[in-house]
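Novice: Provided herewith is a single structure, encoded as structure tokens, for subsequent inquiry.
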Amino acid sequence: MSNESNTMEKIVALCKRRGFIFQSSEIYGGIGGFWDYGPLGVELKRNIKDAWWREMVTGHDDTSVPLGAPSAFDMVGLESTIIMHPQVWKASGHLDLFYDLFVDCKTCKARFRADQVESSECPRRPSKRPGAHDECELTEPREFNTMFKTYVGALLDPTAEVYLRPETAQGMFVNFKNVLSTSRVKVPFGIAQIGKSFRNEITPRNFTFRSREFEQMEMEFFCPPESSEAWYAYWRDRRVEWYVSLGLKSEKLHLREHGPNERAHYSCGTADIEYAYPFLPKGQFGELEGISHRGDFDLRSHIEGKLIRNGDELVVERDEDGQARHAGSGKDLSYFDDATGRKVVPHVIEPAGGIGRTALALLCEAYDEDAIPDEKGVPQERIVLRLHPRIAPVKAAVFPLVKKDGQPEVAARMYRDLKKRWNVFYDEKGSIGKRYRRQDESGTPFCITVDHQTLEDETVTLRDRDTTRQTRVRIADLESTLAEKLQS
Ligand code: ATP
């Protein structure tokens, strides 16, 4: 990794230059907290999503006990809607509790998150901490619900108000019974979902880290209460391993167990998988994924109504008339436990991660600068993205060394063959050094070059992005060699 303090600026510049990430609506000056993923960014995200879906759903073997798991289990996927019945967010507690505290500056008319005042900047010049200028006056902290509100139908009145989901999880809770009764799954089982979520963050910042529109990968694991602690430990450790398998191998990745005072009131255990993003001060980490033991809070909320803590118990919050403040569905969301012969509301373990934050951590981890000799042997500085081949947007680039002597035809034929299996790129313009350099910056693990010798002995050079070493490979062996190196 590069040690320079301006690494984040360089990564942001690279993301723009190579087409990973653009500011949304940039030609109109952009819009805070919204980001577009360009041609390489969309492939990177797609690879992360595919890896997660394979890890969680399609690759899951429900006939054997995975290492460290208390038992075998079932796993299925779901795609629920972004806009749901508004009662979902009332019963779940989001309407009352999904807020951030903010302070306004009465002079500057700027708004800051109350917990970030110390690390924010006043818009006045010279820039200072909010409230630090003599004429600035900050308000007391106030609540701001971060759910985006909109309307369904033609009437813009309160009865038509709905919300863009701030998490995908509620889709799994409200579909628990549907899945249980239609998919032949039995508790313990998980429902996984990938999808967009929206939060009207007061101060979106740090590039894509805190966005207002982002994608989540969440799984709700329904298990018997007695084994929930063991399942929590299993998922917590397994999720860390997944990030390591994608290439987050350095000490910048760590797992942090929350103390009892830091947890949500219903949580029986929470751990965050965190990464030391370069925009954070040294020694600080940002959340990549949270793994939470949610007990029976969510399903009971959707049965009985919004729950609050009363001592050791979760009880329905009631109004002056004794009615549930936010009613649940009243539906039976329990399962029949064969072992005890009783109906039980399962406990839930939730690993909830963000695709944008994963992509950003992978880009930060992969960013490197080194020096490699050019065609004349003179060392030249280069920027290289050492992305794991599994998630690299382009798996290989195919070049003819020169644009003549039949080389482009051979290279194009090879490109078309490889394209059937992988995302491969063809380029015949510019010096070979520049073409290699461009692929290094894009994170392409391999470059294949057709040269004079190819036309004599049917071999090509295969260049490794990380070492820049080139080996000769027979065209006939190219696909199998690449498959082995790409592990796909
Ligand atoms: P934070 O404390 O950083 O706001 P959170 O604890 O509110 O995050 P969760 O509600 O646990 O986040 O959401 C699960 C995951 O969704 C997070 O670990 C993160 O990867 C992603 N996520 C949450 N909020 C955002 C956001 N504003 N922008 C990008 N990703 C987000």
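By convention in this document, the chains of the structure tokens carry letters A, B, ... by their order, each chain's residues are numbered from 1, and ligands are numbered from 1 in the order they are shown.
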Mind checking DSSP for segment 77-312 of chain A and telling me the alpha helix (DSSP H) residues as a PyMOL selection string?
Specialist: chain A and resi 86-91+94-97+169-174+176-182+228-245+297-304
Novice: Using only C-alpha atoms and all ligand atoms, find each protein or nucleic acid residue lying at most 9 Å from ligand 1; present the set as a PyMOL selection string.
Specialist: chain A and resi 33+166-167+197-201+204-205+208-218+272-274+286-292+351-358
Novice: So which one's closest to Glu79 of chain A, A:Gln116, A:Gln23, A:Gln170, A:Ser245? Using only C-alpha atoms, please.
Specialist: A:Gln170
Novice: Could you write out, as a PyMOL selection string, all the residues of segment 132-168 of chain A that DSSP marks as strand (DSSP E or B)?
Specialist: chain A and resi 138+142-145+149-151+161-164
Novice: Select, from A:Asp134, A:Glu381, A:Glu26, A:Asp332, the residue with the minimum atom-to-atom distance to Asn178 of chain A, counting only C-alpha atoms.
Specialist: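 Using only C-alpha atoms, Asn178 of chain A sits closest to A:Asp332.
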Novice: Provide the atom CA of Leu280 of chain A to atom CA of Met219 of chain A distance in Å, to one decimal place.
Specialist: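 These atoms are spaced 28.1 Å apart.
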Novice: Please provide as a ChimeraX atom specification all residues within 9 Å of Ala412 of chain A, with the sequence filter that same-chain residues fewer than 2 positions apart are discarded (counting only C-alpha atoms).
Specialist: /A:398-400,407-410,414-417,426
Novice: Please produce a file of those selected residues containing all heavy atoms, as a short mmCIF file (atom, residue, chain, number, x, y, z; two decimals), in the first residue's frame.
Specialist:
data_model
loop_
_atom_site.label_atom_id
_atom_site.label_comp_id
_atom_site.auth_asym_id
_atom_site.auth_seq_id
_atom_site.Cartn_x
_atom_site.Cartn_y
_atom_site.Cartn_z
N VAL A 398 -6.39 -8.18 -24.23
CA VAL A 398 -5.69 -8.82 -25.35
C VAL A 398 -5.17 -7.73 -26.29
O VAL A 398 -5.94 -6.85 -26.70
CB VAL A 398 -6.64 -9.76 -26.13
CG1 VAL A 398 -5.89 -10.48 -27.24
CG2 VAL A 398 -7.30 -10.75 -25.19
N PHE A 399 -3.88 -7.79 -26.58
CA PHE A 399 -3.27 -6.77 -27.45
C PHE A 399 -2.50 -7.43 -28.58
O PHE A 399 -1.77 -8.40 -28.34
CB PHE A 399 -2.20 -5.96 -26.68
CG PHE A 399 -2.64 -5.37 -25.39
CD1 PHE A 399 -1.77 -5.36 -24.29
CD2 PHE A 399 -3.89 -4.79 -25.23
CE1 PHE A 399 -2.13 -4.79 -23.09
CE2 PHE A 399 -4.26 -4.21 -24.03
CZ PHE A 399 -3.39 -4.21 -22.96
N PRO A 400 -2.55 -6.87 -29.80
CA PRO A 400 -1.51 -7.18 -30.79
C PRO A 400 -0.34 -6.23 -30.49
O PRO A 400 -0.58 -5.06 -30.17
CB PRO A 400 -2.18 -6.83 -32.13
CG PRO A 400 -3.27 -5.86 -31.79
CD PRO A 400 -3.62 -6.00 -30.34
N GLN A 407 -1.14 -9.57 -36.88
CA GLN A 407 -1.28 -9.68 -35.42
C GLN A 407 -2.68 -9.29 -34.92
O GLN A 407 -3.24 -9.98 -34.06
CB GLN A 407 -0.20 -8.85 -34.72
CG GLN A 407 1.19 -9.44 -34.86
CD GLN A 407 2.23 -8.63 -34.09
OE1 GLN A 407 1.92 -7.88 -33.19
NE2 GLN A 407 3.49 -8.80 -34.47
N PRO A 408 -3.26 -8.16 -35.40
CA PRO A 408 -4.60 -7.80 -34.91
C PRO A 408 -5.62 -8.90 -35.17
O PRO A 408 -6.49 -9.15 -34.31
CB PRO A 408 -4.95 -6.53 -35.69
CG PRO A 408 -3.63 -5.95 -36.07
CD PRO A 408 -2.73 -7.13 -36.31
N GLU A 409 -5.54 -9.57 -36.29
CA GLU A 409 -6.53 -10.62 -36.61
C GLU A 409 -6.43 -11.77 -35.60
O GLU A 409 -7.44 -12.25 -35.09
CB GLU A 409 -6.31 -11.16 -38.03
CG GLU A 409 -6.68 -10.20 -39.15
CD GLU A 409 -5.68 -9.05 -39.34
OE1 GLU A 409 -4.56 -9.14 -38.78
OE2 GLU A 409 -6.01 -8.06 -40.03
N VAL A 410 -5.18 -12.19 -35.32
CA VAL A 410 -5.00 -13.31 -34.36
C VAL A 410 -5.51 -12.87 -32.98
O VAL A 410 -6.23 -13.61 -32.29
CB VAL A 410 -3.51 -13.74 -34.27
CG1 VAL A 410 -3.33 -14.84 -33.24
CG2 VAL A 410 -3.00 -14.17 -35.62
N MET A 414 -8.67 -14.38 -30.63
CA MET A 414 -8.49 -14.86 -29.26
C MET A 414 -9.42 -14.12 -28.30
O MET A 414 -10.01 -14.70 -27.41
CB MET A 414 -7.04 -14.57 -28.84
CG MET A 414 -6.34 -15.78 -28.34
SD MET A 414 -4.59 -15.58 -28.47
CE MET A 414 -4.32 -13.96 -27.96
N TYR A 415 -9.50 -12.81 -28.53
CA TYR A 415 -10.39 -11.96 -27.70
C TYR A 415 -11.82 -12.48 -27.77
O TYR A 415 -12.50 -12.66 -26.75
CB TYR A 415 -10.28 -10.52 -28.21
CG TYR A 415 -11.43 -9.62 -27.83
CD1 TYR A 415 -11.56 -9.12 -26.54
CD2 TYR A 415 -12.39 -9.26 -28.77
CE1 TYR A 415 -12.62 -8.29 -26.21
CE2 TYR A 415 -13.45 -8.43 -28.44
CZ TYR A 415 -13.56 -7.95 -27.15
OH TYR A 415 -14.61 -7.13 -26.81
N ARG A 416 -12.27 -12.78 -29.00
CA ARG A 416 -13.66 -13.23 -29.16
C ARG A 416 -13.89 -14.57 -28.45
O ARG A 416 -14.93 -14.80 -27.85
CB ARG A 416 -14.02 -13.34 -30.64
CG ARG A 416 -14.33 -11.97 -31.28
CD ARG A 416 -14.97 -12.11 -32.64
NE ARG A 416 -14.01 -12.60 -33.62
CZ ARG A 416 -13.24 -11.82 -34.38
NH1 ARG A 416 -13.33 -10.51 -34.29
NH2 ARG A 416 -12.39 -12.34 -35.24
N ASP A 417 -12.89 -15.44 -28.50
CA ASP A 417 -13.00 -16.74 -27.82
C ASP A 417 -13.09 -16.57 -26.31
O ASP A 417 -13.94 -17.15 -25.65
CB ASP A 417 -11.78 -17.62 -28.14
CG ASP A 417 -11.94 -18.29 -29.49
OD1 ASP A 417 -13.07 -18.25 -30.03
OD2 ASP A 417 -10.94 -18.83 -30.00
N TYR A 426 -10.15 -5.63 -25.50
CA TYR A 426 -9.24 -5.65 -26.65
C TYR A 426 -8.75 -4.24 -26.93
O TYR A 426 -9.54 -3.29 -26.92
CB TYR A 426 -9.99 -6.18 -27.88
CG TYR A 426 -9.13 -6.17 -29.13
CD1 TYR A 426 -8.20 -7.17 -29.36
CD2 TYR A 426 -9.26 -5.16 -30.08
CE1 TYR A 426 -7.40 -7.16 -30.50
CE2 TYR A 426 -8.47 -5.14 -31.23
CZ TYR A 426 -7.54 -6.15 -31.42
OH TYR A 426 -6.75 -6.14 -32.55
#
